[in-house]
Amino acid sequence: MLSKLIRKKQPALNSELIKRKELSQLEQLPSHISIIMDGNGRWATKRTLPRIAGHYEGMKTVKKITKFANEIGIKTLSLYAFSTENWRRPKKEVDYLMRLPEELLGKYLPELIEQNVRVTMIGNHELLPEHTKRAITNAIEETLHNDGLILNFAFNYGSRDEIVQSVKQIVNKVQLGSISSNEITEELVSSYLMTNELTEPDLLIRTSGEIRLSNFMLWQLAYTEFWFTDTLWPDFDESCLMDAIESYQRRNRKYGGLKQEEVN
Ligand code: V07
């Protein structure tokens with residue numbers, strides 16, 4: 001109750017954005033949106049701030065976009081928070097990043113629960129610091145029965161690694177004789193990926209002007225629409241998300257009555 005009284009009021013959405021939000025719902029929304037949240041360090045450097053200030057600001061954008069995506073009826077939001085390559089960054093920066101789940105969830109988990117959001121994670125959690133693991137596991141458990149937006153964090157995630165893990169598991173099953181090699185289909189491979197409980201992304205967004213996938217969901221993005229923007233992640237807001245969604249809807253509209261497989 002007290003947290004409700006002291007929570008900072010979110011600025012109201014302007015009327016133009018409300019109109020866009022309503023209009024977007026007349027057409028098919030992307031059910032699953034994946035985002036590569038790039039440009040946090042650059043945002044900070046541009047302001048002569050330390051890179052970690054950009055990460056903190058980026059975390060605020062995570063909150064804003066999660067709330068908005070849930071409100072407009074997006075079913076799954078996958079966010080690339082930490083890649084397996086990110087360990088190569090300076091130790092101080094990595095230590096700071098590993099604190100962000102606690103930082104975000106410490107204050108924000110009750111709100112996520114109230115919004116009926118379910119937190120999930122893909123990636124390898126074994127090598128994470130205990131405090132990071134604890135914060136994420138707790139959020140996953142506390143939101144397990146929520147059936148609103150799935151907020152899926154890719155954390156210590158690398159897509160090639162994910163594929164290698166699934167190949168190993170399948171080979172193991174074949175060797176044990178519990179599946180035969182001619183039962184290996186695309187569906188079977190998909191079912192061994194960390195995303196096995198999720199639908200495939202309909203829309204991928206990458207911020208900050210980089211036009212590459214950086215080892216993110218390589219298998220799952222096979223049929224996904226891509227949307228790239230120069231906007232840095234800390235500057236990304238609800239109207240940027242609407243730009244991406246409207247672009248997705250225009251592309252889908254162009255295909256008319258054709259089924260997805262007919263246009264590929
Ligand atoms: C991180 C903020 C967003 C921009 C990208 C880099 C920095 C939220 C989380 C997070 C992850 C798991 C979880 C709860 C929150 C996060 C990292 C970096 C490593 F269960 N933002 N954010 N994790 N940034």
# chains A, B, ... in the order shown; residues from 1 in each chain; ligands from 1
call {"tool": "residues_near_ligand", "arguments": {"ligand": "ligand 1", "cutoff": "9 Å", "atoms": "only C-alpha atoms and all ligand atoms", "output": "ChimeraX atom specification"}}
result
/A:36-41,52,54-63,79-83,94,96-105,119-121,132-133,135-140,151-156,233-234
call {"tool": "residues_around", "arguments": {"residues": "Leu241 in chain A", "least_positions_apart": "3", "cutoff": "10 Å", "atoms": "only C-alpha atoms", "output": "ChimeraX atom specification"}}
result
/A:33,65,68-69,205,236-238,244-247
call {"tool": "closest_residue", "arguments": {"among": "A:Phe228, A:Tyr157, A:Tyr248, A:Tyr192", "to": "Glu85 in chain A", "atoms": "only C-alpha atoms"}}
result
A:Tyr157
call {"tool": "select_by_dssp", "arguments": {"residues": "range 9-227 of chain A", "states": "helix (DSSP H, G or I)", "output": "ChimeraX atom specification"}}
result
/A:15-24,40-46,51-72,84-88,91-114,130-142,159-176,181-183,186-191
call {"tool": "closest_residue", "arguments": {"among": "A:Leu128, A:Ile18, A:Val167, A:Leu109", "to": "Thr84 in chain A", "atoms": "only C-alpha atoms"}}
result
A:Leu128
call {"tool": "residues_around", "arguments": {"residues": "Lys67 in chain A", "least_positions_apart": "6", "cutoff": "10 Å", "atoms": "only C-alpha atoms", "output": "JSON, numbers by chain"}}
result
{"A": [61, 111, 112, 115, 117, 149, 238]}
call {"tool": "write_last_selection", "arguments": {"atoms": "all heavy atoms", "output": "tab-separated table (two decimals), in the first residue's frame"}}
result
chain	number	residue	atom	x	y	z
A	61	THR	N	14.55	2.29	-19.25
A	61	THR	CA	13.82	2.07	-20.50
A	61	THR	C	13.16	0.68	-20.50
A	61	THR	O	12.06	0.51	-21.01
A	61	THR	CB	14.76	2.23	-21.71
A	61	THR	OG1	15.41	3.49	-21.63
A	61	THR	CG2	14.02	2.12	-23.03
A	111	GLU	N	5.52	-4.42	-8.77
A	111	GLU	CA	4.79	-3.80	-9.88
A	111	GLU	C	4.59	-4.79	-11.03
A	111	GLU	O	3.53	-4.83	-11.65
A	111	GLU	CB	5.58	-2.58	-10.37
A	111	GLU	CG	4.72	-1.48	-10.92
A	111	GLU	CD	5.55	-0.27	-11.28
A	111	GLU	OE1	6.33	0.20	-10.40
A	111	GLU	OE2	5.44	0.21	-12.42
A	112	LEU	N	5.63	-5.59	-11.30
A	112	LEU	CA	5.51	-6.60	-12.36
A	112	LEU	C	4.42	-7.61	-12.00
A	112	LEU	O	3.64	-8.02	-12.84
A	112	LEU	CB	6.84	-7.34	-12.57
A	112	LEU	CG	7.97	-6.58	-13.28
A	112	LEU	CD1	9.25	-7.40	-13.29
A	112	LEU	CD2	7.57	-6.25	-14.73
A	115	GLN	N	1.14	-6.11	-12.52
A	115	GLN	CA	0.82	-6.02	-13.96
A	115	GLN	C	0.62	-7.39	-14.58
A	115	GLN	O	0.46	-7.51	-15.79
A	115	GLN	CB	1.95	-5.28	-14.71
A	115	GLN	CG	2.05	-3.79	-14.40
A	115	GLN	CD	3.35	-3.18	-14.93
A	115	GLN	OE1	4.00	-3.71	-15.82
A	115	GLN	NE2	3.72	-2.04	-14.38
A	117	VAL	N	2.75	-9.72	-15.11
A	117	VAL	CA	3.86	-10.08	-16.00
A	117	VAL	C	4.53	-11.35	-15.49
A	117	VAL	O	4.67	-11.54	-14.28
A	117	VAL	CB	4.90	-8.93	-16.06
A	117	VAL	CG1	6.18	-9.36	-16.77
A	117	VAL	CG2	4.31	-7.71	-16.75
A	149	LEU	N	1.87	-10.54	-19.99
A	149	LEU	CA	3.09	-10.49	-20.80
A	149	LEU	C	4.19	-11.41	-20.25
A	149	LEU	O	4.44	-11.43	-19.04
A	149	LEU	CB	3.63	-9.05	-20.81
A	149	LEU	CG	4.97	-8.84	-21.52
A	149	LEU	CD1	4.77	-8.70	-23.02
A	149	LEU	CD2	5.68	-7.60	-20.99
A	238	GLU	N	8.00	4.89	-25.91
A	238	GLU	CA	6.77	4.25	-26.39
A	238	GLU	C	6.53	4.57	-27.86
A	238	GLU	O	6.07	3.71	-28.62
A	238	GLU	CB	5.56	4.71	-25.56
A	238	GLU	CG	5.57	4.26	-24.12
A	238	GLU	CD	6.23	5.27	-23.18
A	238	GLU	OE1	6.99	6.16	-23.67
A	238	GLU	OE2	6.01	5.18	-21.96
call {"tool": "residues_around", "arguments": {"residues": "Gln169 in chain A", "least_positions_apart": "6", "cutoff": "12 Å", "atoms": "only C-alpha atoms", "output": "PDB file with all heavy atoms, in the first residue's frame"}}
result
ATOM      1  N   GLU A 162      23.539 -22.151 -27.541  1.00  0.00           N
ATOM      2  CA  GLU A 162      22.223 -22.770 -27.342  1.00  0.00           C
ATOM      3  C   GLU A 162      22.016 -23.920 -28.334  1.00  0.00           C
ATOM      4  O   GLU A 162      21.543 -25.006 -27.961  1.00  0.00           O
ATOM      5  CB  GLU A 162      21.149 -21.691 -27.547  1.00  0.00           C
ATOM      6  CG  GLU A 162      19.725 -22.191 -27.479  1.00  0.00           C
ATOM      7  CD  GLU A 162      18.719 -21.153 -27.969  1.00  0.00           C
ATOM      8  OE1 GLU A 162      19.035 -20.400 -28.930  1.00  0.00           O
ATOM      9  OE2 GLU A 162      17.622 -21.100 -27.408  1.00  0.00           O
ATOM     10  N   ILE A 163      22.412 -23.685 -29.596  1.00  0.00           N
ATOM     11  CA  ILE A 163      22.235 -24.715 -30.622  1.00  0.00           C
ATOM     12  C   ILE A 163      23.154 -25.910 -30.325  1.00  0.00           C
ATOM     13  O   ILE A 163      22.728 -27.068 -30.408  1.00  0.00           O
ATOM     14  CB  ILE A 163      22.448 -24.132 -32.043  1.00  0.00           C
ATOM     15  CG1 ILE A 163      21.321 -23.122 -32.361  1.00  0.00           C
ATOM     16  CG2 ILE A 163      22.484 -25.240 -33.101  1.00  0.00           C
ATOM     17  CD1 ILE A 163      21.529 -22.282 -33.616  1.00  0.00           C
ATOM     18  N   GLN A 175      21.887 -41.830 -29.035  1.00  0.00           N
ATOM     19  CA  GLN A 175      22.806 -42.880 -28.554  1.00  0.00           C
ATOM     20  C   GLN A 175      22.128 -43.806 -27.551  1.00  0.00           C
ATOM     21  O   GLN A 175      22.356 -45.005 -27.541  1.00  0.00           O
ATOM     22  CB  GLN A 175      24.051 -42.246 -27.935  1.00  0.00           C
ATOM     23  CG  GLN A 175      25.016 -41.756 -28.992  1.00  0.00           C
ATOM     24  CD  GLN A 175      26.203 -40.999 -28.404  1.00  0.00           C
ATOM     25  OE1 GLN A 175      26.128 -40.476 -27.293  1.00  0.00           O
ATOM     26  NE2 GLN A 175      27.284 -40.941 -29.162  1.00  0.00           N
ATOM     27  N   LEU A 176      21.288 -43.222 -26.737  1.00  0.00           N
ATOM     28  CA  LEU A 176      20.563 -44.047 -25.745  1.00  0.00           C
ATOM     29  C   LEU A 176      19.440 -44.856 -26.398  1.00  0.00           C
ATOM     30  O   LEU A 176      18.844 -45.723 -25.772  1.00  0.00           O
ATOM     31  CB  LEU A 176      19.960 -43.156 -24.652  1.00  0.00           C
ATOM     32  CG  LEU A 176      20.946 -42.532 -23.670  1.00  0.00           C
ATOM     33  CD1 LEU A 176      20.256 -41.482 -22.815  1.00  0.00           C
ATOM     34  CD2 LEU A 176      21.585 -43.607 -22.794  1.00  0.00           C
ATOM     35  N   SER A 178      16.555 -43.596 -27.353  1.00  0.00           N
ATOM     36  CA  SER A 178      15.185 -43.133 -27.073  1.00  0.00           C
ATOM     37  C   SER A 178      14.576 -42.342 -28.234  1.00  0.00           C
ATOM     38  O   SER A 178      13.357 -42.177 -28.294  1.00  0.00           O
ATOM     39  CB  SER A 178      15.104 -42.364 -25.759  1.00  0.00           C
ATOM     40  OG  SER A 178      16.017 -41.295 -25.770  1.00  0.00           O
ATOM     41  N   ILE A 179      15.413 -41.836 -29.162  1.00  0.00           N
ATOM     42  CA  ILE A 179      14.878 -41.338 -30.434  1.00  0.00           C
ATOM     43  C   ILE A 179      15.765 -41.842 -31.580  1.00  0.00           C
ATOM     44  O   ILE A 179      16.963 -42.054 -31.386  1.00  0.00           O
ATOM     45  CB  ILE A 179      14.756 -39.778 -30.509  1.00  0.00           C
ATOM     46  CG1 ILE A 179      16.060 -39.085 -30.107  1.00  0.00           C
ATOM     47  CG2 ILE A 179      13.597 -39.246 -29.729  1.00  0.00           C
ATOM     48  CD1 ILE A 179      16.013 -37.575 -30.310  1.00  0.00           C
ATOM     49  N   ILE A 184      14.547 -36.702 -36.160  1.00  0.00           N
ATOM     50  CA  ILE A 184      15.071 -35.339 -35.942  1.00  0.00           C
ATOM     51  C   ILE A 184      14.484 -34.398 -36.994  1.00  0.00           C
ATOM     52  O   ILE A 184      14.842 -34.452 -38.167  1.00  0.00           O
ATOM     53  CB  ILE A 184      16.619 -35.309 -35.988  1.00  0.00           C
ATOM     54  CG1 ILE A 184      17.196 -36.284 -34.945  1.00  0.00           C
ATOM     55  CG2 ILE A 184      17.135 -33.892 -35.717  1.00  0.00           C
ATOM     56  CD1 ILE A 184      18.701 -36.428 -35.000  1.00  0.00           C
ATOM     57  N   LEU A 188      11.588 -30.898 -33.600  1.00  0.00           N
ATOM     58  CA  LEU A 188      12.334 -31.544 -32.515  1.00  0.00           C
ATOM     59  C   LEU A 188      13.495 -30.654 -32.063  1.00  0.00           C
ATOM     60  O   LEU A 188      13.694 -30.431 -30.866  1.00  0.00           O
ATOM     61  CB  LEU A 188      12.850 -32.926 -32.936  1.00  0.00           C
ATOM     62  CG  LEU A 188      13.546 -33.638 -31.775  1.00  0.00           C
ATOM     63  CD1 LEU A 188      12.636 -34.638 -31.097  1.00  0.00           C
ATOM     64  CD2 LEU A 188      14.848 -34.275 -32.195  1.00  0.00           C
ATOM     65  N   VAL A 189      14.237 -30.121 -33.053  1.00  0.00           N
ATOM     66  CA  VAL A 189      15.361 -29.238 -32.690  1.00  0.00           C
ATOM     67  C   VAL A 189      14.828 -28.046 -31.879  1.00  0.00           C
ATOM     68  O   VAL A 189      15.364 -27.721 -30.816  1.00  0.00           O
ATOM     69  CB  VAL A 189      16.143 -28.768 -33.937  1.00  0.00           C
ATOM     70  CG1 VAL A 189      17.200 -27.738 -33.564  1.00  0.00           C
ATOM     71  CG2 VAL A 189      16.788 -29.957 -34.655  1.00  0.00           C
ATOM     72  N   SER A 191      12.351 -27.861 -30.012  1.00  0.00           N
ATOM     73  CA  SER A 191      11.916 -28.246 -28.668  1.00  0.00           C
ATOM     74  C   SER A 191      13.091 -28.421 -27.710  1.00  0.00           C
ATOM     75  O   SER A 191      12.897 -28.489 -26.502  1.00  0.00           O
ATOM     76  CB  SER A 191      11.060 -29.511 -28.719  1.00  0.00           C
ATOM     77  OG  SER A 191      11.897 -30.637 -28.927  1.00  0.00           O
ATOM     78  N   TYR A 192      14.316 -28.503 -28.242  1.00  0.00           N
ATOM     79  CA  TYR A 192      15.493 -28.600 -27.380  1.00  0.00           C
ATOM     80  C   TYR A 192      16.175 -27.253 -27.163  1.00  0.00           C
ATOM     81  O   TYR A 192      17.177 -27.160 -26.472  1.00  0.00           O
ATOM     82  CB  TYR A 192      16.497 -29.623 -27.937  1.00  0.00           C
ATOM     83  CG  TYR A 192      16.087 -31.037 -27.602  1.00  0.00           C
ATOM     84  CD1 TYR A 192      15.167 -31.716 -28.379  1.00  0.00           C
ATOM     85  CD2 TYR A 192      16.595 -31.676 -26.472  1.00  0.00           C
ATOM     86  CE1 TYR A 192      14.757 -32.995 -28.055  1.00  0.00           C
ATOM     87  CE2 TYR A 192      16.197 -32.963 -26.133  1.00  0.00           C
ATOM     88  CZ  TYR A 192      15.272 -33.621 -26.937  1.00  0.00           C
ATOM     89  OH  TYR A 192      14.864 -34.876 -26.597  1.00  0.00           O
ATOM     90  N   LEU A 193      15.645 -26.198 -27.775  1.00  0.00           N
ATOM     91  CA  LEU A 193      16.215 -24.866 -27.556  1.00  0.00           C
ATOM     92  C   LEU A 193      15.638 -24.269 -26.265  1.00  0.00           C
ATOM     93  O   LEU A 193      14.609 -24.731 -25.766  1.00  0.00           O
ATOM     94  CB  LEU A 193      15.903 -23.953 -28.751  1.00  0.00           C
ATOM     95  CG  LEU A 193      16.471 -24.415 -30.101  1.00  0.00           C
ATOM     96  CD1 LEU A 193      15.998 -23.488 -31.225  1.00  0.00           C
ATOM     97  CD2 LEU A 193      18.001 -24.464 -30.067  1.00  0.00           C
TER      98      LEU A 193
END
call {"tool": "select_by_dssp", "arguments": {"residues": "range 207-246 of chain A", "states": "strand (DSSP E)", "output": "VMD selection string"}}
result
chain A and resid 225 to 228
call {"tool": "write_last_selection", "arguments": {"atoms": "N, CA and C atoms", "output": "mmCIF file, in the first residue's frame"}}
result
data_model
loop_
_atom_site.group_PDB
_atom_site.id
_atom_site.type_symbol
_atom_site.label_atom_id
_atom_site.label_comp_id
_atom_site.auth_asym_id
_atom_site.auth_seq_id
_atom_site.Cartn_x
_atom_site.Cartn_y
_atom_site.Cartn_z
ATOM 1 N N GLU A 225 10.407 -10.383 -38.906
ATOM 2 C CA GLU A 225 10.627 -9.067 -39.528
ATOM 3 C C GLU A 225 11.642 -8.305 -38.675
ATOM 4 N N PHE A 226 12.591 -7.634 -39.345
ATOM 5 C CA PHE A 226 13.625 -6.882 -38.625
ATOM 6 C C PHE A 226 13.351 -5.379 -38.694
ATOM 7 N N TRP A 227 13.645 -4.694 -37.628
ATOM 8 C CA TRP A 227 13.495 -3.227 -37.612
ATOM 9 C C TRP A 227 14.676 -2.623 -36.868
ATOM 10 N N PHE A 228 15.442 -1.811 -37.611
ATOM 11 C CA PHE A 228 16.641 -1.196 -37.021
ATOM 12 C C PHE A 228 16.426 0.312 -36.879
#
call {"tool": "closest_atom_pairs", "arguments": {"of": "range 67-174 of chain A", "to": "range 19-29 of chain A", "cutoff": "12 Å", "atoms": "only C-alpha atoms", "output": "tab-separated table"}}
result
residue	atom	partner	partner_atom	distance
A:Phe68	CA	A:Lys21	CA	9.5
A:Ala69	CA	A:Lys21	CA	10.2
A:Asn70	CA	A:Lys21	CA	11.8
A:Glu71	CA	A:Lys21	CA	9.2
A:Ile72	CA	A:Lys21	CA	6.8
A:Gly73	CA	A:Leu29	CA	7.9
A:Ile74	CA	A:Leu29	CA	7.1
A:Lys75	CA	A:Leu29	CA	9.4
A:Thr76	CA	A:Leu29	CA	11.3
